[in-house]
$ cat work.pdb   # PDB, C-alpha atoms and all ligand atoms
ATOM      1  CA  MET A   1      27.586  -6.384   7.280
ATOM      2  CA  ILE A   2      26.243  -8.204  10.335
ATOM      3  CA  THR A   3      25.110  -6.129  13.298
ATOM      4  CA  VAL A   4      25.021  -7.648  16.772
ATOM      5  CA  LEU A   5      23.397  -6.155  19.880
ATOM      6  CA  SER A   6      25.132  -7.328  23.025
ATOM      7  CA  GLY A   7      25.894  -7.033  26.705
ATOM      8  CA  GLY A   8      29.143  -8.291  28.156
ATOM      9  CA  THR A   9      28.866 -12.081  28.079
ATOM     10  CA  GLY A  10      26.710 -14.300  25.833
ATOM     11  CA  GLY A  11      26.649 -11.982  22.806
ATOM     12  CA  LEU A  12      30.421 -11.755  22.892
ATOM     13  CA  LYS A  13      30.811 -15.539  22.969
ATOM     14  CA  LEU A  14      28.796 -15.622  19.758
ATOM     15  CA  ILE A  15      31.114 -13.020  18.196
ATOM     16  CA  GLN A  16      34.010 -15.404  18.886
ATOM     17  CA  GLY A  17      32.229 -17.879  16.624
ATOM     18  CA  LEU A  18      31.141 -15.341  14.003
ATOM     19  CA  VAL A  19      34.671 -14.161  13.293
ATOM     20  CA  ASN A  20      35.422 -17.638  11.927
ATOM     21  CA  PHE A  21      33.022 -16.968   9.044
ATOM     22  CA  VAL A  22      32.643 -13.223   8.651
ATOM     23  CA  GLU A  23      35.487 -10.750   8.112
ATOM     24  CA  PRO A  24      35.763  -8.782  11.379
ATOM     25  CA  GLU A  25      35.440  -5.518   9.398
ATOM     26  CA  GLU A  26      31.990  -6.770   8.393
ATOM     27  CA  ILE A  27      30.753  -7.071  11.987
ATOM     28  CA  THR A  28      29.361  -4.190  14.019
ATOM     29  CA  LEU A  29      28.814  -4.696  17.700
ATOM     30  CA  ILE A  30      26.397  -2.362  19.483
ATOM     31  CA  VAL A  31      27.210  -2.564  23.167
ATOM     32  CA  ASN A  32      25.165  -1.742  26.248
ATOM     33  CA  THR A  33      26.594   1.107  28.334
ATOM     34  CA  ALA A  34      23.834   1.393  30.939
ATOM     35  CA  ASP A  35      25.952  -0.643  33.417
ATOM     36  CA  ASP A  36      28.668   2.026  33.264
ATOM     37  CA  PHE A  37      29.571   3.733  36.488
ATOM     38  CA  GLU A  38      32.092   5.888  38.254
ATOM     39  CA  TRP A  39      34.559   3.989  40.399
ATOM     40  CA  LEU A  40      36.968   6.006  42.540
ATOM     41  CA  GLY A  41      36.531   8.882  40.111
ATOM     42  CA  LEU A  42      37.198   6.722  37.042
ATOM     43  CA  TYR A  43      34.728   5.990  34.248
ATOM     44  CA  VAL A  44      34.214   2.235  34.011
ATOM     45  CA  SER A  45      32.343   0.710  31.063
ATOM     46  CA  PRO A  46      32.184  -3.030  31.856
ATOM     47  CA  ASP A  47      30.514  -4.341  28.706
ATOM     48  CA  LEU A  48      32.605  -2.227  26.326
ATOM     49  CA  ASP A  49      35.789  -3.266  28.120
ATOM     50  CA  THR A  50      34.878  -6.956  28.021
ATOM     51  CA  ALA A  51      34.208  -6.657  24.276
ATOM     52  CA  ILE A  52      37.527  -4.892  23.715
ATOM     53  CA  TYR A  53      39.561  -7.242  25.904
ATOM     54  CA  LEU A  54      37.962 -10.275  24.262
ATOM     55  CA  LEU A  55      38.706  -9.131  20.717
ATOM     56  CA  ALA A  56      42.187  -7.988  21.735
ATOM     57  CA  GLY A  57      42.878 -11.490  23.086
ATOM     58  CA  LEU A  58      43.354 -10.050  26.572
ATOM     59  CA  LEU A  59      40.187 -11.175  28.334
ATOM     60  CA  ASP A  60      40.199 -13.423  31.363
ATOM     61  CA  GLU A  61      37.798 -15.875  29.764
ATOM     62  CA  ILE A  62      37.288 -17.858  32.959
ATOM     63  CA  LYS A  63      35.703 -14.914  34.785
ATOM     64  CA  PHE A  64      34.663 -13.280  31.515
ATOM     65  CA  TRP A  65      35.729  -9.862  32.776
ATOM     66  CA  GLY A  66      39.059  -8.163  33.321
ATOM     67  CA  VAL A  67      42.465  -8.850  31.847
ATOM     68  CA  LYS A  68      43.881 -12.377  32.041
ATOM     69  CA  GLY A  69      46.788 -12.749  34.432
ATOM     70  CA  ASP A  70      46.102  -9.326  35.934
ATOM     71  CA  THR A  71      47.388  -8.439  39.406
ATOM     72  CA  PHE A  72      45.445  -6.549  42.056
ATOM     73  CA  HIS A  73      48.105  -4.534  43.900
ATOM     74  CA  PHE A  74      46.296  -1.223  43.434
ATOM     75  CA  LEU A  75      43.103  -2.660  44.914
ATOM     76  CA  GLU A  76      44.984  -4.116  47.912
ATOM     77  CA  MET A  77      46.615  -0.753  48.586
ATOM     78  CA  ILE A  78      43.501   1.372  48.144
ATOM     79  CA  LYS A  79      41.648  -0.928  50.555
ATOM     80  CA  LYS A  80      44.248  -0.083  53.206
ATOM     81  CA  TYR A  81      43.216   3.546  52.804
ATOM     82  CA  GLY A  82      39.642   2.590  53.668
ATOM     83  CA  TYR A  83      38.072   2.502  50.210
ATOM     84  CA  GLU A  84      35.528  -0.161  49.318
ATOM     85  CA  ASP A  85      36.882  -3.064  47.317
ATOM     86  CA  TRP A  86      33.701  -4.823  46.170
ATOM     87  CA  PHE A  87      34.343  -3.919  42.545
ATOM     88  CA  SER A  88      37.489  -5.754  41.490
ATOM     89  CA  VAL A  89      39.691  -3.781  39.170
ATOM     90  CA  GLY A  90      43.038  -5.275  38.255
ATOM     91  CA  ASP A  91      46.153  -3.214  37.673
ATOM     92  CA  ARG A  92      46.142  -3.530  33.880
ATOM     93  CA  ASP A  93      42.387  -2.970  33.764
ATOM     94  CA  LEU A  94      42.916   0.168  35.820
ATOM     95  CA  ALA A  95      45.025   1.622  33.019
ATOM     96  CA  THR A  96      42.054   1.313  30.639
ATOM     97  CA  HIS A  97      39.716   3.100  33.053
ATOM     98  CA  LEU A  98      42.262   5.830  33.657
ATOM     99  CA  HIS A  99      42.902   6.246  29.927
ATOM    100  CA  ARG A 100      39.162   6.425  29.139
ATOM    101  CA  THR A 101      38.517   8.895  31.963
ATOM    102  CA  MET A 102      41.301  11.206  30.824
ATOM    103  CA  LEU A 103      40.089  11.102  27.236
ATOM    104  CA  LEU A 104      36.479  11.804  28.273
ATOM    105  CA  ARG A 105      37.697  14.767  30.314
ATOM    106  CA  LYS A 106      39.459  16.081  27.203
ATOM    107  CA  GLY A 107      36.146  15.997  25.344
ATOM    108  CA  TYR A 108      36.321  12.610  23.637
ATOM    109  CA  THR A 109      33.057  10.664  23.442
ATOM    110  CA  LEU A 110      32.603   7.013  24.424
ATOM    111  CA  THR A 111      32.506   6.269  20.677
ATOM    112  CA  ASN A 112      35.863   8.012  20.172
ATOM    113  CA  VAL A 113      37.403   6.139  23.096
ATOM    114  CA  ALA A 114      36.119   2.763  21.872
ATOM    115  CA  ALA A 115      37.532   3.481  18.396
ATOM    116  CA  LEU A 116      40.877   4.504  19.867
ATOM    117  CA  LEU A 117      41.087   1.385  22.022
ATOM    118  CA  CYS A 118      40.208  -0.731  18.979
ATOM    119  CA  ARG A 119      43.022   0.927  17.049
ATOM    120  CA  THR A 120      45.459   0.328  19.907
ATOM    121  CA  PHE A 121      44.659  -3.385  19.930
ATOM    122  CA  ASN A 122      44.175  -3.738  16.169
ATOM    123  CA  ILE A 123      40.536  -4.796  16.597
ATOM    124  CA  LYS A 124      38.723  -4.814  13.269
ATOM    125  CA  VAL A 125      35.204  -5.502  14.553
ATOM    126  CA  LYS A 126      33.450  -2.149  14.817
ATOM    127  CA  ILE A 127      32.595  -1.706  18.484
ATOM    128  CA  LEU A 128      30.007   0.986  19.129
ATOM    129  CA  PRO A 129      28.617   2.071  22.486
ATOM    130  CA  MET A 130      24.825   2.286  22.305
ATOM    131  CA  SER A 131      24.918   5.974  23.206
ATOM    132  CA  ASN A 132      27.318   8.723  24.140
ATOM    133  CA  GLU A 133      24.845  10.092  26.664
ATOM    134  CA  LYS A 134      24.731   8.845  30.218
ATOM    135  CA  VAL A 135      22.126   6.140  30.766
ATOM    136  CA  THR A 136      22.148   4.322  34.091
ATOM    137  CA  THR A 137      20.363   1.154  35.099
ATOM    138  CA  PHE A 138      18.845   1.207  38.568
ATOM    139  CA  VAL A 139      17.392  -1.983  40.000
ATOM    140  CA  LYS A 140      14.459  -1.486  42.340
ATOM    141  CA  THR A 141      14.380  -4.166  45.035
ATOM    142  CA  GLU A 142      12.584  -4.845  48.296
ATOM    143  CA  LYS A 143      15.717  -3.550  50.076
ATOM    144  CA  GLY A 144      15.948  -0.306  48.103
ATOM    145  CA  THR A 145      16.978   0.959  44.696
ATOM    146  CA  PHE A 146      20.547   0.254  43.615
ATOM    147  CA  HIS A 147      22.804   0.986  40.664
ATOM    148  CA  PHE A 148      23.034  -2.221  38.614
ATOM    149  CA  GLN A 149      26.650  -2.816  39.742
ATOM    150  CA  GLU A 150      25.687  -2.361  43.371
ATOM    151  CA  TYR A 151      22.734  -4.720  42.984
ATOM    152  CA  TRP A 152      24.736  -7.381  41.143
ATOM    153  CA  VAL A 153      28.351  -7.092  42.291
ATOM    154  CA  LYS A 154      28.154  -5.596  45.793
ATOM    155  CA  ARG A 155      24.878  -7.167  46.929
ATOM    156  CA  LYS A 156      25.388 -10.308  44.771
ATOM    157  CA  GLY A 157      21.951 -10.058  43.164
ATOM    158  CA  LEU A 158      20.283 -11.483  46.276
ATOM    159  CA  ASP A 159      17.564  -8.844  46.742
ATOM    160  CA  ARG A 160      14.136  -9.506  45.327
ATOM    161  CA  VAL A 161      13.703  -7.319  42.256
ATOM    162  CA  ILE A 162      10.524  -5.306  41.798
ATOM    163  CA  GLY A 163      11.457  -3.135  38.848
ATOM    164  CA  VAL A 164      14.183  -1.711  36.632
ATOM    165  CA  ASN A 165      14.661   1.881  35.583
ATOM    166  CA  PHE A 166      17.020   3.391  33.000
ATOM    167  CA  GLU A 167      17.826   6.891  34.153
ATOM    168  CA  GLY A 168      18.543   9.342  31.349
ATOM    169  CA  ILE A 169      17.241   7.090  28.591
ATOM    170  CA  LYS A 170      14.615   9.459  27.230
ATOM    171  CA  GLN A 171      17.184  12.161  26.597
ATOM    172  CA  ALA A 172      19.803   9.781  25.192
ATOM    173  CA  LYS A 173      20.535   9.528  21.488
ATOM    174  CA  PRO A 174      21.921   6.534  19.598
ATOM    175  CA  ALA A 175      25.685   6.908  19.281
ATOM    176  CA  PRO A 176      27.010   7.796  15.809
ATOM    177  CA  GLY A 177      26.935   4.767  13.549
ATOM    178  CA  VAL A 178      24.366   2.806  15.555
ATOM    179  CA  VAL A 179      21.269   3.525  13.462
ATOM    180  CA  GLU A 180      23.346   3.329  10.260
ATOM    181  CA  SER A 181      24.672  -0.104  11.257
ATOM    182  CA  ILE A 182      21.087  -1.300  11.681
ATOM    183  CA  LYS A 183      19.883   0.221   8.427
ATOM    184  CA  GLU A 184      22.816  -1.112   6.399
ATOM    185  CA  ALA A 185      23.026  -4.575   7.953
ATOM    186  CA  ALA A 186      22.525  -7.737   5.920
ATOM    187  CA  GLY A 187      21.499  -9.485   9.126
ATOM    188  CA  ILE A 188      20.821  -8.441  12.714
ATOM    189  CA  ILE A 189      21.516 -10.576  15.752
ATOM    190  CA  ILE A 190      20.336  -9.976  19.298
ATOM    191  CA  GLY A 191      22.979 -11.901  21.198
ATOM    192  CA  PRO A 192      22.251 -14.255  24.055
ATOM    193  CA  SER A 193      22.477 -11.292  26.397
ATOM    194  CA  ASN A 194      20.495 -10.182  29.406
ATOM    195  CA  PRO A 195      17.189  -8.962  27.920
ATOM    196  CA  VAL A 196      16.411  -6.747  30.928
ATOM    197  CA  THR A 197      19.630  -4.895  31.647
ATOM    198  CA  SER A 198      21.713  -5.309  28.471
ATOM    199  CA  ILE A 199      19.363  -5.388  25.469
ATOM    200  CA  ALA A 200      16.425  -3.365  26.873
ATOM    201  CA  PRO A 201      18.525  -0.223  27.428
ATOM    202  CA  ILE A 202      19.833  -0.434  23.851
ATOM    203  CA  LEU A 203      16.312  -0.849  22.468
ATOM    204  CA  ARG A 204      14.839   1.922  24.595
ATOM    205  CA  ILE A 205      17.138   4.648  23.363
ATOM    206  CA  PRO A 206      14.799   6.696  21.219
ATOM    207  CA  GLY A 207      15.398   5.732  17.594
ATOM    208  CA  ILE A 208      17.042   2.317  17.981
ATOM    209  CA  LYS A 209      13.990   0.061  18.287
ATOM    210  CA  GLU A 210      12.259   2.158  15.641
ATOM    211  CA  SER A 211      15.121   1.662  13.191
ATOM    212  CA  LEU A 212      15.119  -2.085  13.882
ATOM    213  CA  GLU A 213      11.400  -2.153  13.185
ATOM    214  CA  SER A 214      11.787  -0.115  10.012
ATOM    215  CA  VAL A 215      14.191  -2.507   8.284
ATOM    216  CA  SER A 216      13.114  -5.723   6.589
ATOM    217  CA  THR A 217      16.504  -7.324   7.340
ATOM    218  CA  LYS A 218      16.204 -10.649   9.112
ATOM    219  CA  LYS A 219      16.512 -10.349  12.903
ATOM    220  CA  ILE A 220      17.478 -13.319  14.991
ATOM    221  CA  CYS A 221      17.802 -13.636  18.757
ATOM    222  CA  ILE A 222      19.595 -16.321  20.736
ATOM    223  CA  SER A 223      17.954 -17.068  24.063
ATOM    224  CA  PRO A 224      20.084 -16.322  27.121
ATOM    225  CA  ILE A 225      17.696 -18.538  29.086
ATOM    226  CA  VAL A 226      17.935 -22.307  28.946
ATOM    227  CA  GLY A 227      15.158 -24.171  30.735
ATOM    228  CA  SER A 228      14.040 -22.037  33.652
ATOM    229  CA  GLY A 229      17.194 -20.035  34.236
ATOM    230  CA  PRO A 230      19.955 -17.957  32.645
ATOM    231  CA  VAL A 231      23.222 -19.545  31.594
ATOM    232  CA  SER A 232      24.901 -16.964  33.858
ATOM    233  CA  GLY A 233      24.165 -13.660  35.572
ATOM    234  CA  PRO A 234      21.027 -12.148  37.070
ATOM    235  CA  ALA A 235      18.676 -12.329  34.053
ATOM    236  CA  GLY A 236      16.343 -14.787  35.833
ATOM    237  CA  ASN A 237      15.712 -12.596  38.887
ATOM    238  CA  LEU A 238      15.414  -9.520  36.701
ATOM    239  CA  LEU A 239      12.878 -11.113  34.341
ATOM    240  CA  ASN A 240      10.912 -12.290  37.358
ATOM    241  CA  GLY A 241      11.051  -8.788  38.800
ATOM    242  CA  ILE A 242       9.489  -7.245  35.717
ATOM    243  CA  GLY A 243       6.818  -9.943  35.553
ATOM    244  CA  VAL A 244       8.172 -11.931  32.608
ATOM    245  CA  GLU A 245       8.252 -15.738  32.618
ATOM    246  CA  VAL A 246      11.806 -17.000  33.083
ATOM    247  CA  SER A 247      11.955 -19.255  30.055
ATOM    248  CA  PRO A 248      12.802 -19.097  26.337
ATOM    249  CA  PHE A 249       9.119 -18.196  25.861
ATOM    250  CA  GLY A 250       9.499 -15.228  28.221
ATOM    251  CA  VAL A 251      12.515 -14.031  26.220
ATOM    252  CA  ALA A 252      10.644 -14.439  22.942
ATOM    253  CA  SER A 253       7.647 -12.536  24.322
ATOM    254  CA  ILE A 254       9.879  -9.536  25.102
ATOM    255  CA  TYR A 255      11.053  -9.402  21.480
ATOM    256  CA  ARG A 256       7.637 -10.104  19.937
ATOM    257  CA  GLY A 257       7.166  -8.024  16.794
ATOM    258  CA  LEU A 258      10.866  -7.236  16.646
ATOM    259  CA  ILE A 259      12.545 -10.532  15.770
ATOM    260  CA  ASP A 260      11.833 -13.069  13.055
ATOM    261  CA  GLU A 261      13.514 -16.065  14.615
ATOM    262  CA  ILE A 262      14.832 -17.259  17.950
ATOM    263  CA  PHE A 263      17.405 -19.920  18.746
ATOM    264  CA  ILE A 264      16.504 -21.882  21.854
ATOM    265  CA  ASP A 265      18.323 -24.803  23.383
ATOM    266  CA  LYS A 266      17.624 -28.259  21.994
ATOM    267  CA  SER A 267      16.539 -29.316  25.492
ATOM    268  CA  ASP A 268      13.779 -26.666  25.316
ATOM    269  CA  GLU A 269      12.041 -28.003  22.232
ATOM    270  CA  THR A 270       8.752 -28.172  24.180
ATOM    271  CA  PHE A 271       8.527 -24.354  24.002
ATOM    272  CA  THR A 272       8.354 -24.388  20.210
ATOM    273  CA  GLU A 273       4.584 -24.260  19.903
ATOM    274  CA  ARG A 274       4.085 -21.448  22.407
ATOM    275  CA  ILE A 275       6.843 -19.345  20.856
ATOM    276  CA  SER A 276       5.602 -19.992  17.323
ATOM    277  CA  SER A 277       2.205 -18.640  18.385
ATOM    278  CA  LEU A 278       3.958 -15.271  18.883
ATOM    279  CA  GLY A 279       4.805 -15.251  15.190
ATOM    280  CA  ILE A 280       8.460 -16.106  15.831
ATOM    281  CA  LYS A 281      10.167 -19.029  14.114
ATOM    282  CA  VAL A 282      11.979 -21.339  16.512
ATOM    283  CA  ILE A 283      15.274 -23.065  15.867
ATOM    284  CA  CYS A 284      16.456 -25.622  18.401
ATOM    285  CA  ALA A 285      20.210 -26.039  18.714
ATOM    286  CA  ASN A 286      22.966 -26.282  21.275
ATOM    287  CA  ILE A 287      23.101 -22.686  22.502
ATOM    288  CA  ILE A 288      25.355 -23.253  25.513
ATOM    289  CA  LEU A 289      28.648 -21.825  24.389
ATOM    290  CA  LYS A 290      31.483 -23.466  26.264
ATOM    291  CA  SER A 291      34.006 -24.629  23.699
ATOM    292  CA  GLU A 292      35.335 -23.033  20.520
ATOM    293  CA  GLU A 293      33.428 -25.730  18.691
ATOM    294  CA  ASP A 294      30.115 -24.724  20.357
ATOM    295  CA  LYS A 295      30.649 -21.079  19.370
ATOM    296  CA  THR A 296      31.673 -21.895  15.817
ATOM    297  CA  HIS A 297      28.787 -24.295  15.324
ATOM    298  CA  LEU A 298      26.135 -21.884  16.614
ATOM    299  CA  ALA A 299      27.581 -18.971  14.633
ATOM    300  CA  LYS A 300      27.401 -21.074  11.459
ATOM    301  CA  LEU A 301      23.762 -21.994  12.125
ATOM    302  CA  VAL A 302      22.815 -18.380  12.873
ATOM    303  CA  LEU A 303      24.509 -17.159   9.679
ATOM    304  CA  GLU A 304      22.713 -19.838   7.679
ATOM    305  CA  ARG A 305      19.381 -18.685   9.126
ATOM    306  CA  LEU A 306      20.216 -15.045   8.356
ATOM    307  CA  GLU A 307      20.730 -16.035   4.726
ATOM    308  CA  ALA A 308      17.690 -18.301   4.475
ATOM    309  CA  ASN A 309      14.603 -16.863   2.810
ATOM    310  CA  GLN A 310      12.080 -18.604   5.020
TER     311      GLN A 310
HETATM  312  P1  LIG B 401      24.605 -10.009  32.637
HETATM  313  O1  LIG B 401      25.847 -10.847  32.776
HETATM  314  O2  LIG B 401      23.332 -10.742  32.949
HETATM  315  O3  LIG B 401      24.699  -8.677  33.271
HETATM  316  O4  LIG B 401      24.391  -9.655  31.098
HETATM  317  P2  LIG B 401      25.097  -9.914  29.712
HETATM  318  O5  LIG B 401      24.199  -9.311  28.728
HETATM  319  O6  LIG B 401      26.487  -9.512  29.757
HETATM  320  O7  LIG B 401      25.114 -11.435  29.430
HETATM  321  C1  LIG B 401      24.663 -12.391  30.256
HETATM  322  C2  LIG B 401      23.597 -13.174  29.558
HETATM  323  O8  LIG B 401      24.224 -14.032  28.618
HETATM  324  C3  LIG B 401      22.913 -14.001  30.587
HETATM  325  O9  LIG B 401      21.534 -13.811  30.545
HETATM  326  C4  LIG B 401      23.329 -15.414  30.241
HETATM  327  O10 LIG B 401      22.314 -16.347  30.462
HETATM  328  C5  LIG B 401      23.719 -15.316  28.787
HETATM  329  N1  LIG B 401      24.756 -16.278  28.452
HETATM  330  C6  LIG B 401      26.000 -16.368  28.966
HETATM  331  N2  LIG B 401      26.640 -17.409  28.411
HETATM  332  C7  LIG B 401      25.777 -17.979  27.534
HETATM  333  C8  LIG B 401      25.851 -19.105  26.668
HETATM  334  O11 LIG B 401      26.846 -19.807  26.585
HETATM  335  N3  LIG B 401      24.740 -19.386  25.925
HETATM  336  C9  LIG B 401      23.598 -18.651  26.002
HETATM  337  N4  LIG B 401      22.564 -19.003  25.244
HETATM  338  N5  LIG B 401      23.501 -17.582  26.813
HETATM  339  C10 LIG B 401      24.576 -17.269  27.557
END

$ encode --input "work.pdb" --output "structure tokens" --more "lines below"
Ligand code: GDP
Amino acid sequence: MITVLSGGTGGLKLIQGLVNFVEPEEITLIVNTADDFEWLGLYVSPDLDTAIYLLAGLLDEIKFWGVKGDTFHFLEMIKKYGYEDWFSVGDRDLATHLHRTMLLRKGYTLTNVAALLCRTFNIKVKILPMSNEKVTTFVKTEKGTFHFQEYWVKRKGLDRVIGVNFEGIKQAKPAPGVVESIKEAAGIIIGPSNPVTSIAPILRIPGIKESLESVSTKKICISPIVGSGPVSGPAGNLLNGIGVEVSPFGVASIYRGLIDEIFIDKSDETFTERISSLGIKVICANIILKSEEDKTHLAKLVLERLEANQ
């Protein structure tokens, strides 16, 4: 079994490649839930939903969120009533949020809901939320402290970041199956996901980083940073805000002691020496995942490295 830690974008693109080589039943995806929030009384879990929509073949892959071809009539109407419309939820997407909220109110956990959604859409990859407890990312900026969604979606990530805090993380527990999927994995991949607000919350849940450290299974990360910036999203400003160099070296330094190897872009070969000095093996490849071919090719290389002894 291959276990992948992921947020809602880069890590999932890699999964699209992995399923060409690994039976989906043999892949476990541990997903960040610290971006989750309540929207008009509904529980929204953006990274889990993107994972589910992607593997169900429903994702709008241009935006990389929401359901393809969705309409926005609900949002148009609710705006007329004076509600804020900065978080775009389509009509089909709304059904998922409503369904999840009703199930949570009945006592289901996030794990139960993810499993149920997977069954509905015949998804064989095991999708696990990182935790069933509430963990919330707050971004501290010069203009104030905001929920991650408010910082990124409402305020468009423009405020200068001075810190990041994960509320509730100390009390949170790994969701059922998470530690097991790490302990039983034949290979562990940290996807090309945001290291500050997608992977850090997963790793900081008491017990997860420790279980990763306790296994001798090979652990490989794919850099979400190419050159001096992220392929998408706010990872650059967030890394800067926590005092980490925005480069493949900065990413590697965050995972020092945790990963064995890192894939960086072939255009970033000059970082090899610095990263190697951290005790991390560097593999240079095309890590920008645009086409099916890019995803398939990188997945093949990553699987080969997971199997390699050196
Ligand atoms: P967010 O979008 O930053 O909130 O976080 P996610 O964890 O969902 O994923 C975004 C991360 O994936 C960003 O840091 C991107 O740079 C990275 N990413 C997106 N697409 C690609 C890609 O094609 N290749 C690589 N290497 N990283 C990618």

$ residues_near_ligand --input "work.pdb" --ligand "ligand LIG 401 (chain B)" --cutoff "8 Å" --atoms "all atoms listed in the file" --output "NGL selection string"
:A and (6-11 or 13 or 47 or 152 or 191-195 or 197-199 or 222-226 or 229-236 or 264-265 or 287-290)

$ resolve_selection --input "work.pdb" --expression "the PyMOL selection byres (((chain A and resi 89-93) around 9) and not hetatm)" --output "list in words"
Asp49, Gly66, Val67, Asp70, Thr71, Phe72, His73, Phe74, Leu75, Asp85, Phe87, Ser88, Leu94, Ala95, Thr96, His97 and Leu98 of chain A

$ closest_residue --input "work.pdb" --among "A:Lys124, A:Arg160, A:Lys80, A:Arg305" --to "Glu261 (chain A)" --atoms "all atoms listed in the file"
A:Arg305

$ resolve_selection --input "work.pdb" --expression "the PyMOL selection byres (((chain A and resi 150) around 12) and not hetatm)" --output "ChimeraX atom specification"
/A:35-39,84-87,136-141,144-149,151-159

$ residues_around --input "work.pdb" --residues "Ile254 (chain A)" --least-positions-apart "4" --cutoff "12 Å" --atoms "only C-alpha atoms" --output "MDAnalysis selection string"
chainID A and resid 190 194:196 199:200 203 221 223 239 242:250 258:259 262 275 278 280

$ closest_atom_pairs --input "work.pdb" --of "region 115-137 of chain A" --to "region 161-177 of chain A" --cutoff "8 Å" --atoms "all atoms listed in the file" --output "tab-separated table"
residue	atom	partner	partner_atom	distance
A:Leu128	CA	A:Ala175	CA	7.3
A:Pro129	CA	A:Ala175	CA	6.5
A:Met130	CA	A:Ala175	CA	5.6
A:Ser131	CA	A:Ala175	CA	4.1
A:Asn132	CA	A:Ala175	CA	5.4
A:Glu133	CA	A:Ala172	CA	5.3
A:Lys134	CA	A:Gly168	CA	6.3
A:Val135	CA	A:Gly168	CA	4.8
A:Thr136	CA	A:Glu167	CA	5.0
A:Thr137	CA	A:Phe166	CA	4.5

$ resolve_selection --input "work.pdb" --expression "the PyMOL selection byres (((chain A and resi 29) around 12) and not hetatm)" --output "number ranges by chain"
A: 1-8, 11-12, 14-16, 18-19, 24-28, 30-32, 47-48, 51-52, 55, 111, 114-115, 123-130, 177-179, 181-182, 185, 188-191, 202

$ atom_distance --input "work.pdb" --atom1 "CA of Ile205 (chain A)" --atom2 "CA of Gly107 (chain A)"
22.2 Å

$ atom_distance --input "work.pdb" --atom1 "CA of Thr50 (chain A)" --atom2 "CA of Cys284 (chain A)"
27.9 Å

$ atom_distance --input "work.pdb" --atom1 "CA of Thr270 (chain A)" --atom2 "CA of Ala252 (chain A)"
13.9 Å

$ residues_around --input "work.pdb" --residues "Gly187 (chain A)" --least-positions-apart "4" --cutoff "6 Å" --atoms "all atoms listed in the file" --output "number ranges by chain"
A: 2, 217-218, 306

$ write_last_selection --input "work.pdb" --atoms "C-alpha atoms" --output "PDB file, keeping the file's coordinate frame"
ATOM      1  CA  ILE A   2      26.243  -8.204  10.335  1.00  0.00           C
ATOM      2  CA  THR A 217      16.504  -7.324   7.340  1.00  0.00           C
ATOM      3  CA  LYS A 218      16.204 -10.649   9.112  1.00  0.00           C
ATOM      4  CA  LEU A 306      20.216 -15.045   8.356  1.00  0.00           C
TER       5      LEU A 306
END

$ closest_residue --input "work.pdb" --among "A:Ala56, A:Leu303, A:Ile62, A:Ala186" --to "Leu117 (chain A)" --atoms "all atoms listed in the file"
A:Ala56

$ closest_residue --input "work.pdb" --among "A:Lys281, A:Lys209, A:Arg204, A:Lys143" --to "Lys183 (chain A)" --atoms "all atoms listed in the file"
A:Lys209

$ decode --input "work.pdb" --residues "region 118-129 of chain A" --atoms "N, CA and C atoms" --output "tab-separated table (two decimals), in the first residue's frame"
chain	number	residue	atom	x	y	z
A	118	CYS	N	-17.29	8.18	-0.76
A	118	CYS	CA	-16.50	7.30	-1.64
A	118	CYS	C	-17.36	6.15	-2.15
A	119	ARG	N	-18.20	5.61	-1.28
A	119	ARG	CA	-19.08	4.51	-1.70
A	119	ARG	C	-20.07	5.02	-2.74
A	120	THR	N	-20.62	6.19	-2.50
A	120	THR	CA	-21.60	6.76	-3.45
A	120	THR	C	-20.99	6.86	-4.85
A	121	PHE	N	-19.72	7.30	-4.90
A	121	PHE	CA	-19.11	7.54	-6.21
A	121	PHE	C	-18.19	6.41	-6.66
A	122	ASN	N	-18.26	5.29	-5.94
A	122	ASN	CA	-17.46	4.11	-6.29
A	122	ASN	C	-15.95	4.42	-6.35
A	123	ILE	N	-15.50	5.20	-5.38
A	123	ILE	CA	-14.07	5.56	-5.30
A	123	ILE	C	-13.36	4.49	-4.49
A	124	LYS	N	-12.32	3.91	-5.07
A	124	LYS	CA	-11.62	2.81	-4.40
A	124	LYS	C	-10.40	3.27	-3.61
A	125	VAL	N	-9.87	4.46	-3.96
A	125	VAL	CA	-8.76	5.00	-3.15
A	125	VAL	C	-9.34	5.26	-1.77
A	126	LYS	N	-8.56	4.93	-0.73
A	126	LYS	CA	-9.06	5.16	0.63
A	126	LYS	C	-8.77	6.61	1.01
A	127	ILE	N	-9.81	7.39	1.15
A	127	ILE	CA	-9.63	8.81	1.48
A	127	ILE	C	-9.91	9.01	2.96
A	128	LEU	N	-8.88	9.44	3.68
A	128	LEU	CA	-9.03	9.64	5.12
A	128	LEU	C	-8.80	11.09	5.50
A	129	PRO	N	-9.72	11.70	6.25
A	129	PRO	CA	-9.39	13.02	6.80
A	129	PRO	C	-8.26	12.85	7.80
